[in-house]
file input_23.cif (mmCIF, C-alpha atoms and all ligand atoms)
data_query
loop_
_atom_site.label_atom_id
_atom_site.label_comp_id
_atom_site.auth_asym_id
_atom_site.auth_seq_id
_atom_site.Cartn_x
_atom_site.Cartn_y
_atom_site.Cartn_z
CA MET A 1 28.93 -13.75 -11.77
CA ALA A 2 30.18 -11.16 -9.27
CA PHE A 3 28.11 -8.02 -8.68
CA GLU A 4 30.64 -5.76 -10.43
CA ASP A 5 30.71 -8.13 -13.42
CA GLU A 6 26.95 -7.88 -13.75
CA GLN A 7 27.08 -4.09 -13.56
CA PHE A 8 29.88 -4.01 -16.07
CA GLU A 9 27.96 -6.32 -18.42
CA ARG A 10 24.83 -4.15 -18.17
CA ALA A 11 26.80 -0.96 -18.86
CA TRP A 12 28.61 -2.55 -21.80
CA LYS A 13 25.34 -3.80 -23.32
CA SER A 14 23.69 -0.41 -23.04
CA ILE A 15 26.65 1.35 -24.68
CA VAL A 16 26.67 -1.16 -27.54
CA SER A 17 22.91 -0.88 -28.02
CA LEU A 18 23.16 2.93 -28.10
CA ARG A 19 25.95 2.78 -30.68
CA ARG A 20 23.86 0.44 -32.84
CA LYS A 21 20.78 2.64 -32.54
CA ARG A 22 22.73 5.68 -33.69
CA ALA A 23 24.38 3.93 -36.62
CA ILE A 24 21.75 1.54 -37.96
CA PRO A 25 18.27 2.33 -39.37
CA PRO A 26 15.48 0.52 -37.44
CA ARG A 27 14.69 -1.95 -40.26
CA PHE A 28 18.21 -3.39 -40.16
CA ARG A 29 18.93 -3.45 -36.41
CA GLY A 30 18.44 -7.21 -36.02
CA GLY A 31 21.89 -8.15 -37.30
CA PHE A 32 22.79 -11.50 -38.85
CA GLU A 33 20.20 -13.50 -36.85
CA LYS A 34 17.24 -11.44 -38.04
CA LEU A 35 18.58 -11.33 -41.59
CA LEU A 36 18.76 -15.15 -41.65
CA GLU A 37 15.16 -15.31 -40.41
CA VAL A 38 13.90 -13.24 -43.34
CA ALA A 39 16.38 -14.70 -45.85
CA PRO A 40 17.60 -18.19 -44.86
CA ASN A 41 19.10 -18.57 -48.34
CA LEU A 42 21.80 -16.07 -47.35
CA SER A 43 23.69 -18.45 -45.05
CA HIS A 44 26.79 -18.48 -47.29
CA GLU A 45 26.81 -14.67 -47.51
CA VAL A 46 26.38 -14.44 -43.72
CA ASP A 47 29.35 -16.80 -43.28
CA LEU A 48 31.43 -14.58 -45.58
CA ALA A 49 30.38 -11.46 -43.72
CA ARG A 50 31.04 -13.02 -40.31
CA ALA A 51 34.50 -14.17 -41.44
CA PHE A 52 35.18 -10.61 -42.59
CA CYS A 53 34.14 -9.23 -39.17
CA LYS A 54 36.44 -11.65 -37.39
CA GLU A 55 39.41 -10.80 -39.57
CA PHE A 56 38.61 -7.11 -39.19
CA GLN A 57 38.89 -7.44 -35.42
CA ASP A 58 41.92 -9.74 -35.43
CA ARG A 59 43.89 -7.42 -37.72
CA SER A 60 42.63 -4.24 -36.04
CA GLY A 61 40.90 -3.07 -39.19
CA ARG A 62 44.06 -2.78 -41.29
CA GLU A 63 45.21 -4.25 -44.58
CA ILE A 64 42.32 -6.62 -45.05
CA ASN A 65 40.09 -7.33 -48.01
CA GLY A 66 36.66 -5.81 -47.88
CA ILE A 67 33.63 -7.25 -49.64
CA TYR A 68 31.69 -6.12 -52.73
CA PHE A 69 28.17 -7.60 -52.56
CA TRP A 70 26.23 -7.17 -55.78
CA SER A 71 22.94 -8.41 -57.21
CA HIS A 72 19.59 -7.19 -58.42
CA TYR A 73 17.24 -5.39 -56.02
CA GLY A 74 15.94 -6.76 -52.76
CA THR A 75 18.21 -9.77 -52.14
CA GLY A 76 19.49 -8.49 -48.76
CA LYS A 77 22.70 -6.59 -49.61
CA THR A 78 21.90 -3.63 -47.37
CA GLY A 79 20.83 -6.10 -44.67
CA LEU A 80 24.24 -7.78 -44.93
CA ALA A 81 26.04 -4.43 -44.84
CA TYR A 82 24.21 -3.29 -41.70
CA ALA A 83 24.67 -6.70 -40.06
CA ILE A 84 28.40 -6.06 -40.48
CA VAL A 85 27.93 -2.66 -38.81
CA HIS A 86 25.89 -4.32 -36.02
CA GLU A 87 28.75 -6.76 -35.39
CA THR A 88 31.80 -4.54 -35.77
CA ILE A 89 30.40 -1.57 -33.85
CA ALA A 90 30.31 -3.78 -30.72
CA MET A 91 33.93 -4.86 -31.17
CA ILE A 92 36.90 -3.48 -29.34
CA SER A 93 40.17 -3.05 -31.17
CA PRO A 94 42.89 -5.26 -29.67
CA LYS A 95 45.36 -2.58 -30.70
CA THR A 96 43.81 0.53 -29.16
CA GLY A 97 41.44 -0.97 -26.57
CA ALA A 98 38.69 1.32 -27.93
CA TYR A 99 35.53 0.60 -29.92
CA PHE A 100 36.01 0.54 -33.67
CA ASP A 101 34.64 3.54 -35.54
CA VAL A 102 32.31 2.30 -38.22
CA CYS A 103 30.46 4.46 -40.72
CA ALA A 104 27.75 3.34 -43.14
CA ARG A 105 26.47 5.69 -45.84
CA ARG A 106 24.33 5.34 -48.94
CA VAL A 107 26.57 6.49 -51.77
CA PRO A 108 24.00 8.76 -53.49
CA GLU A 109 23.28 10.54 -50.19
CA LEU A 110 26.96 10.77 -49.32
CA LEU A 111 27.83 12.39 -52.65
CA THR A 112 24.96 14.86 -52.29
CA ALA A 113 26.13 15.74 -48.76
CA ILE A 114 29.67 16.38 -50.02
CA LYS A 115 28.39 18.53 -52.87
CA ASN A 116 26.25 20.54 -50.45
CA GLU A 117 29.20 21.08 -48.14
CA TYR A 118 31.91 21.84 -50.69
CA GLY A 119 29.95 23.12 -53.71
CA ALA A 120 30.56 22.06 -57.30
CA GLY A 121 34.05 23.57 -57.47
CA GLY A 122 35.07 22.84 -53.86
CA ASP A 123 37.92 20.55 -52.94
CA PRO A 124 36.50 17.33 -51.50
CA LYS A 125 39.82 16.11 -50.05
CA GLY A 126 38.82 17.22 -46.55
CA PHE A 127 35.76 15.02 -46.72
CA ALA A 128 37.74 12.05 -47.96
CA GLU A 129 40.12 12.52 -45.04
CA GLU A 130 37.19 12.61 -42.64
CA LEU A 131 36.00 9.28 -44.04
CA GLN A 132 39.50 7.91 -43.75
CA ALA A 133 39.25 8.28 -39.97
CA TYR A 134 36.73 5.41 -39.83
CA ASP A 135 38.14 1.94 -39.20
CA LEU A 136 35.45 0.59 -41.50
CA LEU A 137 33.52 2.43 -44.18
CA ILE A 138 30.38 0.88 -45.63
CA LEU A 139 29.37 2.29 -49.01
CA ASP A 140 25.82 1.12 -49.63
CA ASP A 141 24.27 1.28 -53.08
CA MET A 142 27.25 2.23 -55.24
CA THR A 143 25.24 1.74 -58.38
CA GLU A 144 25.88 4.79 -60.49
CA VAL A 145 27.20 8.33 -60.38
CA GLY A 146 25.09 11.28 -61.48
CA SER A 147 27.88 13.34 -63.06
CA SER A 148 31.58 13.61 -63.78
CA HIS A 149 31.96 15.63 -60.57
CA GLU A 150 30.31 12.86 -58.52
CA ALA A 151 32.68 10.32 -60.09
CA ASN A 152 35.62 12.49 -58.98
CA LEU A 153 34.25 12.69 -55.43
CA LEU A 154 33.80 8.93 -55.23
CA ASN A 155 37.29 8.45 -56.66
CA GLU A 156 38.70 10.69 -53.92
CA ILE A 157 37.07 8.53 -51.22
CA VAL A 158 38.07 5.16 -52.70
CA ASN A 159 41.58 6.44 -53.43
CA PHE A 160 42.07 7.60 -49.85
CA ARG A 161 40.88 4.31 -48.34
CA HIS A 162 43.12 2.40 -50.74
CA ASP A 163 46.19 4.53 -49.94
CA HIS A 164 45.66 4.00 -46.22
CA GLN A 165 44.92 0.28 -46.57
CA MET A 166 41.64 0.63 -44.75
CA PRO A 167 38.69 -1.57 -45.60
CA VAL A 168 35.46 -0.78 -47.37
CA VAL A 169 32.35 -2.91 -47.70
CA VAL A 170 30.39 -2.01 -50.81
CA THR A 171 26.95 -2.99 -52.05
CA SER A 172 25.75 -2.43 -55.59
CA ASN A 173 23.13 -3.47 -58.09
CA ARG A 174 25.89 -3.86 -60.68
CA SER A 175 28.87 -6.15 -61.15
CA LEU A 176 32.21 -4.31 -61.08
CA GLU A 177 32.33 -4.48 -64.91
CA GLU A 178 28.82 -3.03 -65.22
CA LEU A 179 29.66 -0.36 -62.65
CA GLN A 180 32.72 0.68 -64.64
CA ALA A 181 30.78 0.73 -67.93
CA GLY A 182 28.11 2.94 -66.36
CA MET A 183 30.57 5.35 -64.75
CA GLU A 184 32.74 5.59 -67.86
CA LYS A 185 29.96 7.53 -69.56
CA SER A 186 30.31 10.28 -66.93
CA ASN A 187 34.06 10.22 -66.34
CA GLU A 188 36.41 7.72 -67.92
CA ASN A 189 39.50 8.47 -65.80
CA ALA A 190 37.66 8.36 -62.50
CA SER A 191 35.82 5.17 -63.42
CA PHE A 192 39.06 3.32 -64.27
CA SER A 193 40.69 4.60 -61.11
CA ILE A 194 37.76 3.58 -58.86
CA ILE A 195 37.32 0.10 -60.32
CA SER A 196 41.05 -0.65 -60.40
CA ARG A 197 41.37 0.20 -56.70
CA LEU A 198 38.20 -1.63 -55.71
CA CYS A 199 39.54 -4.75 -57.44
CA ASP A 200 42.55 -4.49 -55.16
CA MET A 201 40.46 -3.88 -52.02
CA VAL A 202 37.50 -6.21 -52.10
CA TYR A 203 36.40 -9.77 -52.46
CA THR A 204 33.55 -9.70 -55.00
CA HIS A 205 30.45 -11.77 -54.38
CA GLU A 206 27.19 -11.98 -56.30
CA VAL A 207 24.23 -12.41 -53.94
CA LYS A 208 21.96 -14.86 -55.71
CA GLY A 209 18.39 -14.90 -54.50
CA HIS A 210 14.91 -13.56 -54.86
CA ASP A 211 13.60 -10.09 -54.02
CA ILE A 212 12.75 -10.37 -50.30
CA ARG A 213 10.48 -7.31 -50.46
CA LYS A 214 8.36 -8.76 -53.30
CA ARG A 215 8.12 -12.12 -51.55
CA LYS A 216 6.99 -10.44 -48.33
CA ALA A 217 4.31 -8.57 -50.31
CA ARG A 218 3.17 -11.85 -51.95
CA ASP A 219 2.98 -13.56 -48.54
CA ARG A 220 0.85 -10.67 -47.23
CA ILE A 221 -1.57 -10.89 -50.19
CA ASN A 222 -1.83 -14.67 -49.96
CA GLY A 223 -2.39 -14.42 -46.18
N1 LIG A 301 18.68 -7.52 -40.95
C1 LIG A 301 17.41 -7.50 -41.41
N2 LIG A 301 16.38 -7.60 -40.55
C2 LIG A 301 15.11 -7.59 -40.98
N3 LIG A 301 14.74 -7.47 -42.27
C3 LIG A 301 15.73 -7.36 -43.18
C4 LIG A 301 17.10 -7.37 -42.80
N4 LIG A 301 17.84 -7.24 -43.93
C5 LIG A 301 16.97 -7.17 -44.95
N5 LIG A 301 15.70 -7.24 -44.50
C6 LIG A 301 14.45 -7.20 -45.31
O1 LIG A 301 14.74 -7.59 -46.65
C7 LIG A 301 14.41 -6.51 -47.55
C8 LIG A 301 15.42 -6.49 -48.68
O2 LIG A 301 16.73 -6.38 -48.14
P1 LIG A 301 17.77 -5.24 -48.58
O3 LIG A 301 18.99 -5.51 -47.80
O4 LIG A 301 17.17 -3.88 -48.48
O5 LIG A 301 17.98 -5.62 -50.13
P2 LIG A 301 18.96 -4.95 -51.21
O6 LIG A 301 19.86 -4.02 -50.50
O7 LIG A 301 19.64 -6.13 -51.84
O8 LIG A 301 18.05 -4.24 -52.20
C9 LIG A 301 14.42 -5.26 -46.69
O9 LIG A 301 13.59 -4.25 -47.21
C10 LIG A 301 13.94 -5.77 -45.36
O10 LIG A 301 12.52 -5.83 -45.34
MG MG A 302 20.13 -1.94 -50.73
#

call {"tool": "encode", "arguments": {"input": "input_23.cif", "output": "structure tokens", "more": "lines below"}}
Ligand SMILES: Nc1ncnc2c1ncn2[C@@H]1O[C@H](COP(=O)(O)OP(=O)(O)O)[C@@H](O)[C@H]1O
Ligand SMILES: [Mg+2]
result
Amino acid sequence: MAFEDEQFERAWKSIVSLRRKRAIPPRFRGGFEKLLEVAPNLSHEVDLARAFCKEFQDRSGREINGIYFWSHYGTGKTGLAYAIVHETIAMISPKTGAYFDVCARRVPELLTAIKNEYGAGGDPKGFAEELQAYDLLILDDMTEVGSSHEANLLNEIVNFRHDHQMPVVVTSNRSLEELQAGMEKSNENASFSIISRLCDMVYTHEVKGHDIRKRKARDRING
């Protein structure tokens, strides 16, 4: 490798590692490899997620199906979501020649942040537009909404991504049917609108497996 190549490689690696550090919480920074070490049973899910990342890059982040990973607690859904961030944040768009912009947020925290910024009566469209600017939006833990207002905010975000044919990756502790049933209690219109669009935007996959956190605790106790 020529000297400039080595320098270029070093610079590239440090930029990528900085981007990952800023976007990914420490627990999830290991990507797919580390996830498979702690949860080897997730090889099919990792294949699905890797295929998504490849298609995301090939099609420059446009008009592709996202993924909806759902299951009970602790199976590795957030790990999968951040492994997708880990992968895609290092990718360069063949269309623009720039790094993809990837944003991962926990839905409850995101909705609280919007409420704090815009107030209960404020118009959240600006926020939805801000989220639209991301090539990929990860919505972690879309399990319930706390109020009719929160359902409207979430609807705004999903609606905007759907209109602009930009992908979302969602994790949830509920199937899409259960999610709709839960949200309907707060806001029937918004729940129908959200679920109908998600059905059009994502490939749904149930993550079957045990609770990794409980198993780790058992292993610790049993030495
Ligand atoms: N990429 C990863 N690297 C290391 N540990 C991970 C990774 N992904 C998940 N884990 C471990 O597995 C546990 C459960 O995974 P998590 O994704 O949080 O489950 P879920 O989102 O389904 O509740 C985490 O608390 C963490 O200890
Ligand atoms: Mg989670």

call {"tool": "closest_atom_pairs", "arguments": {"input": "input_23.cif", "of": "chain A", "to": "ligand LIG 301 (chain A)", "cutoff": "9 Å", "atoms": "all atoms listed in the file", "output": "JSON lines"}}
result
{"residue": "A:Pro26", "atom": "CA", "partner": "A:LIG301", "partner_atom": "N2", "distance": 8.7}
{"residue": "A:Arg27", "atom": "CA", "partner": "A:LIG301", "partner_atom": "C2", "distance": 5.7}
{"residue": "A:Phe28", "atom": "CA", "partner": "A:LIG301", "partner_atom": "N1", "distance": 4.2}
{"residue": "A:Arg29", "atom": "CA", "partner": "A:LIG301", "partner_atom": "N1", "distance": 6.1}
{"residue": "A:Gly30", "atom": "CA", "partner": "A:LIG301", "partner_atom": "N1", "distance": 4.9}
{"residue": "A:Gly31", "atom": "CA", "partner": "A:LIG301", "partner_atom": "N1", "distance": 4.9}
{"residue": "A:Phe32", "atom": "CA", "partner": "A:LIG301", "partner_atom": "N1", "distance": 6.1}
{"residue": "A:Glu33", "atom": "CA", "partner": "A:LIG301", "partner_atom": "N1", "distance": 7.4}
{"residue": "A:Lys34", "atom": "CA", "partner": "A:LIG301", "partner_atom": "N2", "distance": 4.7}
{"residue": "A:Leu35", "atom": "CA", "partner": "A:LIG301", "partner_atom": "N1", "distance": 3.9}
{"residue": "A:Leu36", "atom": "CA", "partner": "A:LIG301", "partner_atom": "N1", "distance": 7.7}
{"residue": "A:Glu37", "atom": "CA", "partner": "A:LIG301", "partner_atom": "C2", "distance": 7.7}
{"residue": "A:Val38", "atom": "CA", "partner": "A:LIG301", "partner_atom": "N3", "distance": 5.9}
{"residue": "A:Ala39", "atom": "CA", "partner": "A:LIG301", "partner_atom": "O1", "distance": 7.3}
{"residue": "A:Phe69", "atom": "CA", "partner": "A:LIG301", "partner_atom": "O7", "distance": 8.7}
{"residue": "A:Trp70", "atom": "CA", "partner": "A:LIG301", "partner_atom": "O7", "distance": 7.7}
{"residue": "A:Ser71", "atom": "CA", "partner": "A:LIG301", "partner_atom": "O7", "distance": 6.7}
{"residue": "A:His72", "atom": "CA", "partner": "A:LIG301", "partner_atom": "O7", "distance": 6.7}
{"residue": "A:Tyr73", "atom": "CA", "partner": "A:LIG301", "partner_atom": "O8", "distance": 4.1}
{"residue": "A:Gly74", "atom": "CA", "partner": "A:LIG301", "partner_atom": "O8", "distance": 3.3}
{"residue": "A:Thr75", "atom": "CA", "partner": "A:LIG301", "partner_atom": "O7", "distance": 3.9}
{"residue": "A:Gly76", "atom": "CA", "partner": "A:LIG301", "partner_atom": "O3", "distance": 3.2}
{"residue": "A:Lys77", "atom": "CA", "partner": "A:LIG301", "partner_atom": "O7", "distance": 3.8}
{"residue": "A:Thr78", "atom": "CA", "partner": "A:LIG301", "partner_atom": "O3", "distance": 3.5}
{"residue": "A:Gly79", "atom": "CA", "partner": "A:LIG301", "partner_atom": "N4", "distance": 3.3}
{"residue": "A:Leu80", "atom": "CA", "partner": "A:LIG301", "partner_atom": "O3", "distance": 6.4}
{"residue": "A:Ala81", "atom": "CA", "partner": "A:LIG301", "partner_atom": "O3", "distance": 7.7}
{"residue": "A:Tyr82", "atom": "CA", "partner": "A:LIG301", "partner_atom": "N1", "distance": 7.0}
{"residue": "A:Ala83", "atom": "CA", "partner": "A:LIG301", "partner_atom": "N1", "distance": 6.1}
{"residue": "A:Asp140", "atom": "CA", "partner": "A:LIG301", "partner_atom": "O6", "distance": 7.9}
{"residue": "A:Asp141", "atom": "CA", "partner": "A:LIG301", "partner_atom": "O6", "distance": 7.4}
{"residue": "A:Thr171", "atom": "CA", "partner": "A:LIG301", "partner_atom": "O6", "distance": 7.3}
{"residue": "A:Ser172", "atom": "CA", "partner": "A:LIG301", "partner_atom": "O6", "distance": 7.9}
{"residue": "A:Asn173", "atom": "CA", "partner": "A:LIG301", "partner_atom": "O7", "distance": 7.6}
{"residue": "A:Val207", "atom": "CA", "partner": "A:LIG301", "partner_atom": "O7", "distance": 8.1}
{"residue": "A:Asp211", "atom": "CA", "partner": "A:LIG301", "partner_atom": "C8", "distance": 6.7}
{"residue": "A:Ile212", "atom": "CA", "partner": "A:LIG301", "partner_atom": "C8", "distance": 5.0}
{"residue": "A:Arg213", "atom": "CA", "partner": "A:LIG301", "partner_atom": "C7", "distance": 5.0}
{"residue": "A:Lys214", "atom": "CA", "partner": "A:LIG301", "partner_atom": "C7", "distance": 8.6}
{"residue": "A:Lys216", "atom": "CA", "partner": "A:LIG301", "partner_atom": "O10", "distance": 7.8}

call {"tool": "closest_residue", "arguments": {"input": "input_23.cif", "among": "A:Glu144, A:Glu188, A:Glu178, A:Asp135", "to": "Gly61 (chain A)", "atoms": "all atoms listed in the file"}}
result
A:Asp135

call {"tool": "atom_distance", "arguments": {"input": "input_23.cif", "atom1": "CA of Phe100 (chain A)", "atom2": "CA of Ser175 (chain A)"}}
result
29.2 Å

call {"tool": "residues_around", "arguments": {"input": "input_23.cif", "residues": "Leu136 (chain A)", "least_positions_apart": "4", "cutoff": "12 Å", "atoms": "all atoms listed in the file", "output": "ChimeraX atom specification"}}
result
/A:52-53,56-57,60-67,81-82,84-85,87-89,91,93,99-105,131-132,161,164-170

call {"tool": "write_last_selection", "arguments": {"input": "input_23.cif", "atoms": "C-alpha atoms", "output": "PDB file, keeping the file's coordinate frame"}}
result
ATOM      1  CA  PHE A  52      35.180 -10.610 -42.590  1.00  0.00           C
ATOM      2  CA  CYS A  53      34.140  -9.230 -39.170  1.00  0.00           C
ATOM      3  CA  PHE A  56      38.610  -7.110 -39.190  1.00  0.00           C
ATOM      4  CA  GLN A  57      38.890  -7.440 -35.420  1.00  0.00           C
ATOM      5  CA  SER A  60      42.630  -4.240 -36.040  1.00  0.00           C
ATOM      6  CA  GLY A  61      40.900  -3.070 -39.190  1.00  0.00           C
ATOM      7  CA  ARG A  62      44.060  -2.780 -41.290  1.00  0.00           C
ATOM      8  CA  GLU A  63      45.210  -4.250 -44.580  1.00  0.00           C
ATOM      9  CA  ILE A  64      42.320  -6.620 -45.050  1.00  0.00           C
ATOM     10  CA  ASN A  65      40.090  -7.330 -48.010  1.00  0.00           C
ATOM     11  CA  GLY A  66      36.660  -5.810 -47.880  1.00  0.00           C
ATOM     12  CA  ILE A  67      33.630  -7.250 -49.640  1.00  0.00           C
ATOM     13  CA  ALA A  81      26.040  -4.430 -44.840  1.00  0.00           C
ATOM     14  CA  TYR A  82      24.210  -3.290 -41.700  1.00  0.00           C
ATOM     15  CA  ILE A  84      28.400  -6.060 -40.480  1.00  0.00           C
ATOM     16  CA  VAL A  85      27.930  -2.660 -38.810  1.00  0.00           C
ATOM     17  CA  GLU A  87      28.750  -6.760 -35.390  1.00  0.00           C
ATOM     18  CA  THR A  88      31.800  -4.540 -35.770  1.00  0.00           C
ATOM     19  CA  ILE A  89      30.400  -1.570 -33.850  1.00  0.00           C
ATOM     20  CA  MET A  91      33.930  -4.860 -31.170  1.00  0.00           C
ATOM     21  CA  SER A  93      40.170  -3.050 -31.170  1.00  0.00           C
ATOM     22  CA  TYR A  99      35.530   0.600 -29.920  1.00  0.00           C
ATOM     23  CA  PHE A 100      36.010   0.540 -33.670  1.00  0.00           C
ATOM     24  CA  ASP A 101      34.640   3.540 -35.540  1.00  0.00           C
ATOM     25  CA  VAL A 102      32.310   2.300 -38.220  1.00  0.00           C
ATOM     26  CA  CYS A 103      30.460   4.460 -40.720  1.00  0.00           C
ATOM     27  CA  ALA A 104      27.750   3.340 -43.140  1.00  0.00           C
ATOM     28  CA  ARG A 105      26.470   5.690 -45.840  1.00  0.00           C
ATOM     29  CA  LEU A 131      36.000   9.280 -44.040  1.00  0.00           C
ATOM     30  CA  GLN A 132      39.500   7.910 -43.750  1.00  0.00           C
ATOM     31  CA  ARG A 161      40.880   4.310 -48.340  1.00  0.00           C
ATOM     32  CA  HIS A 164      45.660   4.000 -46.220  1.00  0.00           C
ATOM     33  CA  GLN A 165      44.920   0.280 -46.570  1.00  0.00           C
ATOM     34  CA  MET A 166      41.640   0.630 -44.750  1.00  0.00           C
ATOM     35  CA  PRO A 167      38.690  -1.570 -45.600  1.00  0.00           C
ATOM     36  CA  VAL A 168      35.460  -0.780 -47.370  1.00  0.00           C
ATOM     37  CA  VAL A 169      32.350  -2.910 -47.700  1.00  0.00           C
ATOM     38  CA  VAL A 170      30.390  -2.010 -50.810  1.00  0.00           C
TER      39      VAL A 170
END

call {"tool": "closest_residue", "arguments": {"input": "input_23.cif", "among": "A:Asp123, A:Ala90, A:Arg220, A:Val107", "to": "Ser14 (chain A)", "atoms": "only C-alpha atoms"}}
result
A:Ala90

call {"tool": "atom_distance", "arguments": {"input": "input_23.cif", "atom1": "CA of Leu18 (chain A)", "atom2": "CA of Phe160 (chain A)"}}
result
29.2 Å

call {"tool": "closest_residue", "arguments": {"input": "input_23.cif", "among": "A:Asn159, A:Ser191, A:Thr143, A:Ser196", "to": "ligand MG 302 (chain A)", "atoms": "only C-alpha atoms and all ligand atoms"}}
result
A:Thr143

call {"tool": "closest_residue", "arguments": {"input": "input_23.cif", "among": "A:Ser193, A:His205, A:Asn41, A:Leu139", "to": "ligand MG 302 (chain A)", "atoms": "all atoms listed in the file"}}
result
A:Leu139

call {"tool": "closest_residue", "arguments": {"input": "input_23.cif", "among": "A:Phe127, A:Met142, A:Ser147, A:Glu156", "to": "ligand MG 302 (chain A)", "atoms": "all atoms listed in the file"}}
result
A:Met142

call {"tool": "atom_distance", "arguments": {"input": "input_23.cif", "atom1": "CA of Tyr68 (chain A)", "atom2": "CA of Gly97 (chain A)"}}
result
28.4 Å

call {"tool": "closest_residue", "arguments": {"input": "input_23.cif", "among": "A:Val16, A:Ala51, A:Arg106, A:Lys125", "to": "ligand MG 302 (chain A)", "atoms": "all atoms listed in the file"}}
result
A:Arg106

call {"tool": "axis_aligned_box", "arguments": {"input": "input_23.cif", "around": "region 15-26 of chain A", "padding_each_side": "6 Å", "output": "AutoDock Vina command-line options"}}
result
--center_x 21.1 --center_y 2.3 --center_z -32.0 --size_x 23.2 --size_y 18.8 --size_z 26.7

call {"tool": "residues_near_point", "arguments": {"input": "input_23.cif", "point": "(31.2, 13.1, -54.4)", "cutoff": "6 Å", "atoms": "only C-alpha atoms", "output": "ChimeraX atom specification"}}
result
/A:111,114,150,153-154
